[in-house]
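> So here's my_file.cif (mmCIF, C-alpha atoms).
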data_model
loop_
_atom_site.group_PDB
_atom_site.id
_atom_site.type_symbol
_atom_site.label_atom_id
_atom_site.label_comp_id
_atom_site.auth_asym_id
_atom_site.auth_seq_id
_atom_site.Cartn_x
_atom_site.Cartn_y
_atom_site.Cartn_z
ATOM 1 C CA SER A 1 0.000 0.000 0.000
ATOM 2 C CA GLY A 2 1.050 3.597 -0.498
ATOM 3 C CA PRO A 3 1.261 6.395 2.052
ATOM 4 C CA GLY A 4 -1.891 6.738 4.094
ATOM 5 C CA ALA A 5 -3.670 6.112 7.332
ATOM 6 C CA LYS A 6 -6.889 4.425 8.345
ATOM 7 C CA ILE A 7 -8.625 5.027 11.661
ATOM 8 C CA ASP A 8 -11.865 3.153 12.071
ATOM 9 C CA ASN A 9 -13.576 5.653 14.414
ATOM 10 C CA PRO A 10 -15.237 8.616 12.607
ATOM 11 C CA ASN A 11 -14.776 10.811 15.673
ATOM 12 C CA LEU A 12 -11.011 10.438 15.191
ATOM 13 C CA ALA A 13 -11.107 11.197 11.454
ATOM 14 C CA PHE A 14 -9.002 14.348 11.873
ATOM 15 C CA LEU A 15 -6.260 12.272 13.523
ATOM 16 C CA GLY A 16 -6.236 10.080 10.422
ATOM 17 C CA GLU A 17 -5.668 13.258 8.370
ATOM 18 C CA VAL A 18 -2.652 14.095 10.542
ATOM 19 C CA PHE A 19 -1.161 10.626 10.201
ATOM 20 C CA LYS A 20 -1.783 10.579 6.439
ATOM 21 C CA LEU A 21 0.087 13.839 5.833
ATOM 22 C CA THR A 22 2.877 12.644 8.128
ATOM 23 C CA GLY A 23 3.220 9.647 5.816
ATOM 24 C CA GLU A 24 3.779 11.856 2.759
ATOM 25 C CA ILE A 25 6.839 13.755 3.931
ATOM 26 C CA GLY A 26 9.348 14.597 1.197
ATOM 27 C CA TYR A 27 11.780 17.506 0.951
ATOM 28 C CA THR A 28 15.291 18.608 -0.033
ATOM 29 C CA ILE A 29 18.043 19.661 2.375
ATOM 30 C CA VAL A 30 20.382 22.408 1.117
ATOM 31 C CA LEU A 31 23.818 22.356 2.756
ATOM 32 C CA ASP A 32 26.356 25.148 3.222
ATOM 33 C CA ASN A 33 30.127 24.859 2.750
ATOM 34 C CA GLN A 34 30.505 23.322 6.228
ATOM 35 C CA ASN A 35 27.893 20.646 5.442
ATOM 36 C CA LYS A 36 25.458 22.327 7.818
ATOM 37 C CA VAL A 37 21.778 22.728 6.936
ATOM 38 C CA LYS A 38 21.344 26.015 5.093
ATOM 39 C CA ALA A 39 17.741 25.653 3.957
ATOM 40 C CA ILE A 40 14.828 23.246 3.563
ATOM 41 C CA GLU A 41 13.164 23.152 0.145
ATOM 42 C CA GLY A 42 9.974 21.486 -1.006
ATOM 43 C CA THR A 43 7.798 22.123 2.054
ATOM 44 C CA GLU A 44 5.365 24.302 0.082
ATOM 45 C CA LYS A 45 3.390 21.278 -1.124
ATOM 46 C CA LEU A 46 3.120 19.979 2.439
ATOM 47 C CA LEU A 47 1.813 23.341 3.628
ATOM 48 C CA GLU A 48 -0.695 23.445 0.754
ATOM 49 C CA LYS A 49 -1.964 19.990 1.733
ATOM 50 C CA ALA A 50 -2.169 21.039 5.387
ATOM 51 C CA GLU A 51 -4.374 24.013 4.511
ATOM 52 C CA LYS A 52 -6.946 21.646 3.000
ATOM 53 C CA LEU A 53 -7.299 19.632 6.213
ATOM 54 C CA SER A 54 -9.939 20.135 8.876
ATOM 55 C CA LEU A 55 -9.148 22.759 11.524
ATOM 56 C CA PRO A 56 -8.244 20.237 14.286
ATOM 57 C CA ALA A 57 -5.906 18.441 11.877
ATOM 58 C CA ARG A 58 -4.271 21.711 10.769
ATOM 59 C CA ASN A 59 -3.636 22.706 14.366
ATOM 60 C CA ALA A 60 -2.105 19.322 15.157
ATOM 61 C CA ILE A 61 0.173 19.027 12.106
ATOM 62 C CA ARG A 62 1.340 22.617 11.550
ATOM 63 C CA SER A 63 4.399 22.524 13.804
ATOM 64 C CA HIS A 64 5.494 19.138 12.425
ATOM 65 C CA ILE A 65 6.029 20.376 8.856
ATOM 66 C CA GLU A 66 7.806 23.639 9.668
ATOM 67 C CA ALA A 67 11.374 23.963 8.391
ATOM 68 C CA ASP A 68 12.936 23.995 11.877
ATOM 69 C CA THR A 69 11.229 20.713 12.783
ATOM 70 C CA LEU A 70 12.348 19.036 9.546
ATOM 71 C CA LYS A 71 15.888 20.320 10.110
ATOM 72 C CA LYS A 72 15.964 18.746 13.580
ATOM 73 C CA SER A 73 14.614 15.493 12.122
ATOM 74 C CA PHE A 74 17.412 15.372 9.546
ATOM 75 C CA GLU A 75 20.090 16.176 12.116
ATOM 76 C CA GLN A 76 18.701 13.370 14.275
ATOM 77 C CA GLU A 77 18.999 10.928 11.363
ATOM 78 C CA LEU A 78 22.567 12.092 10.680
ATOM 79 C CA ARG A 79 23.513 11.256 14.274
ATOM 80 C CA HIS A 80 22.373 7.682 13.626
ATOM 81 C CA LEU A 81 25.459 7.069 11.513
ATOM 82 C CA PRO A 82 28.559 5.753 13.282
ATOM 83 C CA ASP A 83 31.750 7.816 13.236
ATOM 84 C CA ILE A 84 33.441 5.080 11.200
ATOM 85 C CA LEU A 85 31.567 2.925 8.666
ATOM 86 C CA ALA A 86 33.151 -0.482 9.132
ATOM 87 C CA ARG A 87 32.787 -3.842 7.426
ATOM 88 C CA PRO A 88 29.680 -4.884 5.474
ATOM 89 C CA GLY A 89 27.289 -6.773 7.736
ATOM 90 C CA GLU A 90 28.109 -4.793 10.881
ATOM 91 C CA SER A 91 25.034 -3.348 12.579
ATOM 92 C CA TRP A 92 24.039 -0.873 15.266
ATOM 93 C CA GLU A 93 20.805 0.350 16.871
ATOM 94 C CA ARG A 94 19.343 3.830 17.280
ATOM 95 C CA THR A 95 16.135 5.427 18.595
ATOM 96 C CA GLU A 96 14.263 7.973 16.474
ATOM 97 C CA VAL A 97 11.431 10.238 17.644
ATOM 98 C CA LEU A 98 8.794 11.644 15.261
ATOM 99 C CA ASP A 99 6.758 14.600 16.550
ATOM 100 C CA LEU A 100 3.069 14.356 15.562
ATOM 101 C CA GLY A 101 1.934 17.547 17.286
ATOM 102 C CA SER A 102 -0.391 17.905 20.303
ATOM 103 C CA GLY A 103 2.386 16.391 22.428
ATOM 104 C CA GLN A 104 2.133 13.062 20.588
ATOM 105 C CA THR A 105 5.265 11.267 19.420
ATOM 106 C CA LEU A 106 6.091 8.074 17.594
ATOM 107 C CA THR A 107 9.308 6.528 18.908
ATOM 108 C CA PHE A 108 11.005 4.045 16.595
ATOM 109 C CA GLN A 109 13.696 1.560 17.604
ATOM 110 C CA LYS A 110 15.778 0.916 14.496
ATOM 111 C CA LYS A 111 18.508 -1.509 13.559
ATOM 112 C CA TYR A 112 20.987 -0.266 10.959
ATOM 113 C CA GLU A 113 23.379 -2.340 8.867
ATOM 114 C CA TYR A 114 26.275 -1.249 6.682
ATOM 115 C CA VAL A 115 25.673 -2.995 3.337
ATOM 116 C CA GLY A 116 28.690 -1.836 1.319
ATOM 117 C CA THR A 117 29.092 0.606 -1.566
ATOM 118 C CA GLU A 118 26.920 1.614 -4.512
ATOM 119 C CA LYS A 119 27.874 3.566 -7.644
ATOM 120 C CA ILE A 120 25.673 6.456 -8.793
ATOM 121 C CA GLY A 121 27.193 8.339 -11.701
ATOM 122 C CA ASP A 122 30.812 9.072 -10.817
ATOM 123 C CA LYS A 123 30.158 8.730 -7.076
ATOM 124 C CA THR A 124 30.875 5.717 -4.888
ATOM 125 C CA LEU A 125 28.436 5.885 -1.975
ATOM 126 C CA ASP A 126 28.194 3.931 1.276
ATOM 127 C CA LYS A 127 24.874 2.090 1.525
ATOM 128 C CA ILE A 128 23.164 1.617 4.884
ATOM 129 C CA SER A 129 19.906 -0.293 5.359
ATOM 130 C CA SER A 130 17.621 -0.115 8.369
ATOM 131 C CA LYS A 131 14.665 -1.993 9.815
ATOM 132 C CA THR A 132 12.326 -0.738 12.512
ATOM 133 C CA THR A 133 12.079 -3.329 15.271
ATOM 134 C CA LYS A 134 9.730 -1.518 17.680
ATOM 135 C CA VAL A 135 7.418 1.495 17.744
ATOM 136 C CA ASP A 136 5.646 3.343 20.574
ATOM 137 C CA LEU A 137 2.952 6.012 20.325
ATOM 138 C CA LYS A 138 2.999 8.296 23.366
ATOM 139 C CA GLN A 139 1.746 11.681 24.473
ATOM 140 C CA ASP A 140 3.241 14.176 26.905
ATOM 141 C CA PRO A 141 0.632 14.446 29.704
ATOM 142 C CA ALA A 142 1.723 18.020 30.388
ATOM 143 C CA VAL A 143 0.584 19.236 26.950
ATOM 144 C CA ASP A 144 -2.730 21.096 27.029
ATOM 145 C CA SER A 145 -4.717 19.436 24.249
ATOM 146 C CA PRO A 146 -8.371 18.360 23.890
ATOM 147 C CA LEU A 147 -7.082 15.074 22.458
ATOM 148 C CA LYS A 148 -5.464 12.694 24.951
ATOM 149 C CA LEU A 149 -3.942 9.305 24.233
ATOM 150 C CA VAL A 150 -5.244 6.844 26.843
ATOM 151 C CA LYS A 151 -4.021 3.497 25.492
ATOM 152 C CA SER A 152 -1.896 2.456 22.519
ATOM 153 C CA ASP A 153 -0.768 -0.917 21.180
ATOM 154 C CA VAL A 154 0.965 0.036 17.921
ATOM 155 C CA LYS A 155 3.251 -2.553 16.352
ATOM 156 C CA VAL A 156 5.506 -2.697 13.294
ATOM 157 C CA GLU A 157 3.957 -4.610 10.396
ATOM 158 C CA SER A 158 6.800 -4.032 7.917
ATOM 159 C CA SER A 159 9.658 -1.616 7.319
ATOM 160 C CA ASP A 160 12.444 -0.959 4.853
ATOM 161 C CA ALA A 161 14.799 2.021 4.563
ATOM 162 C CA THR A 162 18.063 2.901 2.857
ATOM 163 C CA ILE A 163 20.578 5.691 3.383
ATOM 164 C CA LEU A 164 23.254 6.511 0.811
ATOM 165 C CA PHE A 165 26.196 8.343 2.388
ATOM 166 C CA ASP A 166 28.782 10.365 0.451
ATOM 167 C CA ARG A 167 31.960 9.675 2.418
ATOM 168 C CA GLU A 168 34.066 11.999 0.243
ATOM 169 C CA GLU A 169 31.759 14.971 0.807
ATOM 170 C CA GLY A 170 30.950 13.984 4.383
ATOM 171 C CA HIS A 171 27.140 14.041 4.181
ATOM 172 C CA VAL A 172 24.084 11.939 3.383
ATOM 173 C CA PHE A 173 23.375 11.745 -0.366
ATOM 174 C CA ASN A 174 19.753 10.669 0.060
ATOM 175 C CA SER A 175 17.492 8.516 2.199
ATOM 176 C CA ARG A 176 14.363 6.539 1.361
ATOM 177 C CA GLY A 177 12.096 4.760 3.805
ATOM 178 C CA LYS A 178 8.734 3.037 4.177
ATOM 179 C CA ILE A 179 7.162 1.669 7.341
ATOM 180 C CA ARG A 180 3.705 0.294 8.116
ATOM 181 C CA ILE A 181 2.431 0.276 11.684
ATOM 182 C CA LYS A 182 -0.866 -0.978 13.101
ATOM 183 C CA GLY A 183 -2.707 -0.539 16.351
ATOM 184 C CA ASP A 184 -5.771 -2.737 16.816
ATOM 185 C CA LYS A 185 -6.799 -1.526 20.278
ATOM 186 C CA MET A 186 -6.292 2.181 20.861
ATOM 187 C CA THR A 187 -8.178 4.565 23.129
ATOM 188 C CA PHE A 188 -8.196 8.356 22.902
ATOM 189 C CA SER A 189 -9.989 10.887 25.053
ATOM 190 C CA PHE A 190 -11.417 13.868 23.150
ATOM 191 C CA ASN A 191 -12.821 16.670 25.290
ATOM 192 C CA GLY A 192 -13.259 14.153 28.120
ATOM 193 C CA MET A 193 -15.018 11.466 26.047
ATOM 194 C CA ASP A 194 -13.234 8.127 25.534
ATOM 195 C CA LEU A 195 -13.061 6.967 21.916
ATOM 196 C CA ASP A 196 -11.819 3.512 20.877
ATOM 197 C CA GLY A 197 -10.268 2.996 17.481
ATOM 198 C CA ALA A 198 -7.749 1.115 15.362
ATOM 199 C CA LEU A 199 -4.866 2.539 13.352
ATOM 200 C CA ASP A 200 -3.290 1.341 10.100
ATOM 201 C CA LEU A 201 -0.564 3.772 9.050
ATOM 202 C CA THR A 202 1.995 3.679 6.238
ATOM 203 C CA ILE A 203 4.770 6.289 6.320
ATOM 204 C CA GLU A 204 6.943 6.930 3.291
ATOM 205 C CA SER A 205 9.807 9.405 3.516
ATOM 206 C CA THR A 206 12.071 10.803 0.816
ATOM 207 C CA VAL A 207 14.945 13.147 1.650
ATOM 208 C CA ASP A 208 17.469 14.428 -0.891
ATOM 209 C CA LEU A 209 20.594 16.475 -0.172
ATOM 210 C CA GLN A 210 21.701 19.434 -2.234
ATOM 211 C CA PRO A 211 25.311 20.359 -1.415
ATOM 212 C CA ALA A 212 26.511 23.947 -1.424
ATOM 213 C CA ALA A 213 27.590 25.320 -4.815
ATOM 214 C CA LYS A 214 31.340 25.186 -5.269
#
Could you spell out this file's structure in C-alpha cells?

Amino acid sequence: SGPGAKIDNPNLAFLGEVFKLTGEIGYTIVLDNQNKVKAIEGTEKLLEKAEKLSLPARNAIRSHIEADTLKKSFEQELRHLPDILARPGESWERTEVLDLGSGQTLTFQKKYEYVGTEKIGDKTLDKISSKTTKVDLKQDPAVDSPLKLVKSDVKVESSDATILFDREEGHVFNSRGKIRIKGDKMTFSFNGMDLDGALDLTIESTVDLQPAAK
C-alpha cells in the first residue's frame, strides 16, 4: 500500500488526516560549505496539503512540517550514523522520535546495517539499510490538548529504509524509507469522552541532499 492512514472511528477522522500527511513527507536539504543545513526546500506542497485539512488536523500538524522541525529530524537521522563505517554486515541500533503535534510522538527503535558501496554516476556511496524493530505512540501528559492518548498498542507490520552516504563529501546523499504500523486496540480521550479505534498507518519518507555550490 502507499502512504496513508486508516482510523476506524469517525470521531477520530481528523487524527487520520494528521497521520496521512505525516506519511507523505518529502523535501530537499540544502547544505552550506561546512555541510550544515542552510535551507529546507519542497515544504510548500506539504503546507498546501495542510491548509486543505480540517481545523483540528491543521492545528495538530502545523508545527510538524515547519522547516525547523524538519531540520531537527534530519540532524537526528545524521547522528544515527557511526563515526566510522566499518565492514559490510556490521550493525548498530538507534532510537528515532517523530513529533506528531499535540504532544504526541512516535518513537522508533531501528537496527541499521552497513551494506557496502553503490555507484551512482561518478560517485561511490556507502549504503546503509535499516529496519524498525519496535514502535511506541505516546503523548506528553503536560501538553494542554483536547485530544489525549489513553491506550496504545501500535506494532511494526513491515519496514524498509536505505541511506546513501557520500563519504568523500561527508554528508548523506539521500534517504528513502517506508514503514507500516498498526494498532488494533487504541483509546483516545477527546474533550473528556473516551473513543476507541484502530490505526493502520503507512509512512513513506524521501529526503534528498543538495550540497553547497562550489
> Using all atoms listed in the file, which residues sit within 9 Å of stretch 136-152 of chain A once same-chain residues fewer than 5 positions away are excluded, as a ChimeraX atom specification?
/A:102-109,183-192,194
> Between atom CA of A:Lys119 and atom CA of A:Thr162, measure the distance and give it in Å to one decimal.
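Distance between the two atoms: 14.4 Å.
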> Run the PyMOL selection byres ((chain A and resi 161) around 10) mentally over the shown coordinates, then write out the matched residues as a PyMOL selection string, using the chain letters and numbers from the document.
chain A and resi 112+128-132+159-160+162-163+175-179+204-206
> Applied to this file, what does the PyMOL selection byres ((chain A and resi 127) around 6) return in terms of residues, put as number ranges by chain?
A: 115-117, 126, 128, 163-164
> Which of these, A:Val154, A:Val207, A:Met193, A:Leu201, has the shortest distance to A:Ser73 once you count all atoms listed in the file?
A:Val207
> Mind giving me the straight-line distance from atom CA of A:Leu209 to atom CA of A:Ile29 in Å, one decimal?
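We find that atom CA of A:Leu209 and atom CA of A:Ile29 lie 4.8 Å from each other.
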> Name all residues at most 8 Å from A:Ile181 (count all atoms listed in the file; drop same-chain ones fewer than 4 positions away) and give them as a list in words.
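Counting all atoms listed in the file, the residues come to Val135, Val154, Lys155, Val156, Glu157, Ser158, Leu199, Asp200, Leu201 and Thr202 of chain A.
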> Starting from the displayed file, determine the output of the PyMOL selection byres ((chain A and resi 123) around 12) and express the residue list as an NGL selection string.
:A and (117-122 or 124-126 or 164-169 or 173)
> May I have the selected residues written with C-alpha atoms, as a PDB file, keeping the file's coordinate frame?

ATOM      1  CA  THR A 117      29.092   0.606  -1.566  1.00  0.00           C
ATOM      2  CA  GLU A 118      26.920   1.614  -4.512  1.00  0.00           C
ATOM      3  CA  LYS A 119      27.874   3.566  -7.644  1.00  0.00           C
ATOM      4  CA  ILE A 120      25.673   6.456  -8.793  1.00  0.00           C
ATOM      5  CA  GLY A 121      27.193   8.339 -11.701  1.00  0.00           C
ATOM      6  CA  ASP A 122      30.812   9.072 -10.817  1.00  0.00           C
ATOM      7  CA  THR A 124      30.875   5.717  -4.888  1.00  0.00           C
ATOM      8  CA  LEU A 125      28.436   5.885  -1.975  1.00  0.00           C
ATOM      9  CA  ASP A 126      28.194   3.931   1.276  1.00  0.00           C
ATOM     10  CA  LEU A 164      23.254   6.511   0.811  1.00  0.00           C
ATOM     11  CA  PHE A 165      26.196   8.343   2.388  1.00  0.00           C
ATOM     12  CA  ASP A 166      28.782  10.365   0.451  1.00  0.00           C
ATOM     13  CA  ARG A 167      31.960   9.675   2.418  1.00  0.00           C
ATOM     14  CA  GLU A 168      34.066  11.999   0.243  1.00  0.00           C
ATOM     15  CA  GLU A 169      31.759  14.971   0.807  1.00  0.00           C
ATOM     16  CA  PHE A 173      23.375  11.745  -0.366  1.00  0.00           C
TER      17      PHE A 173
END
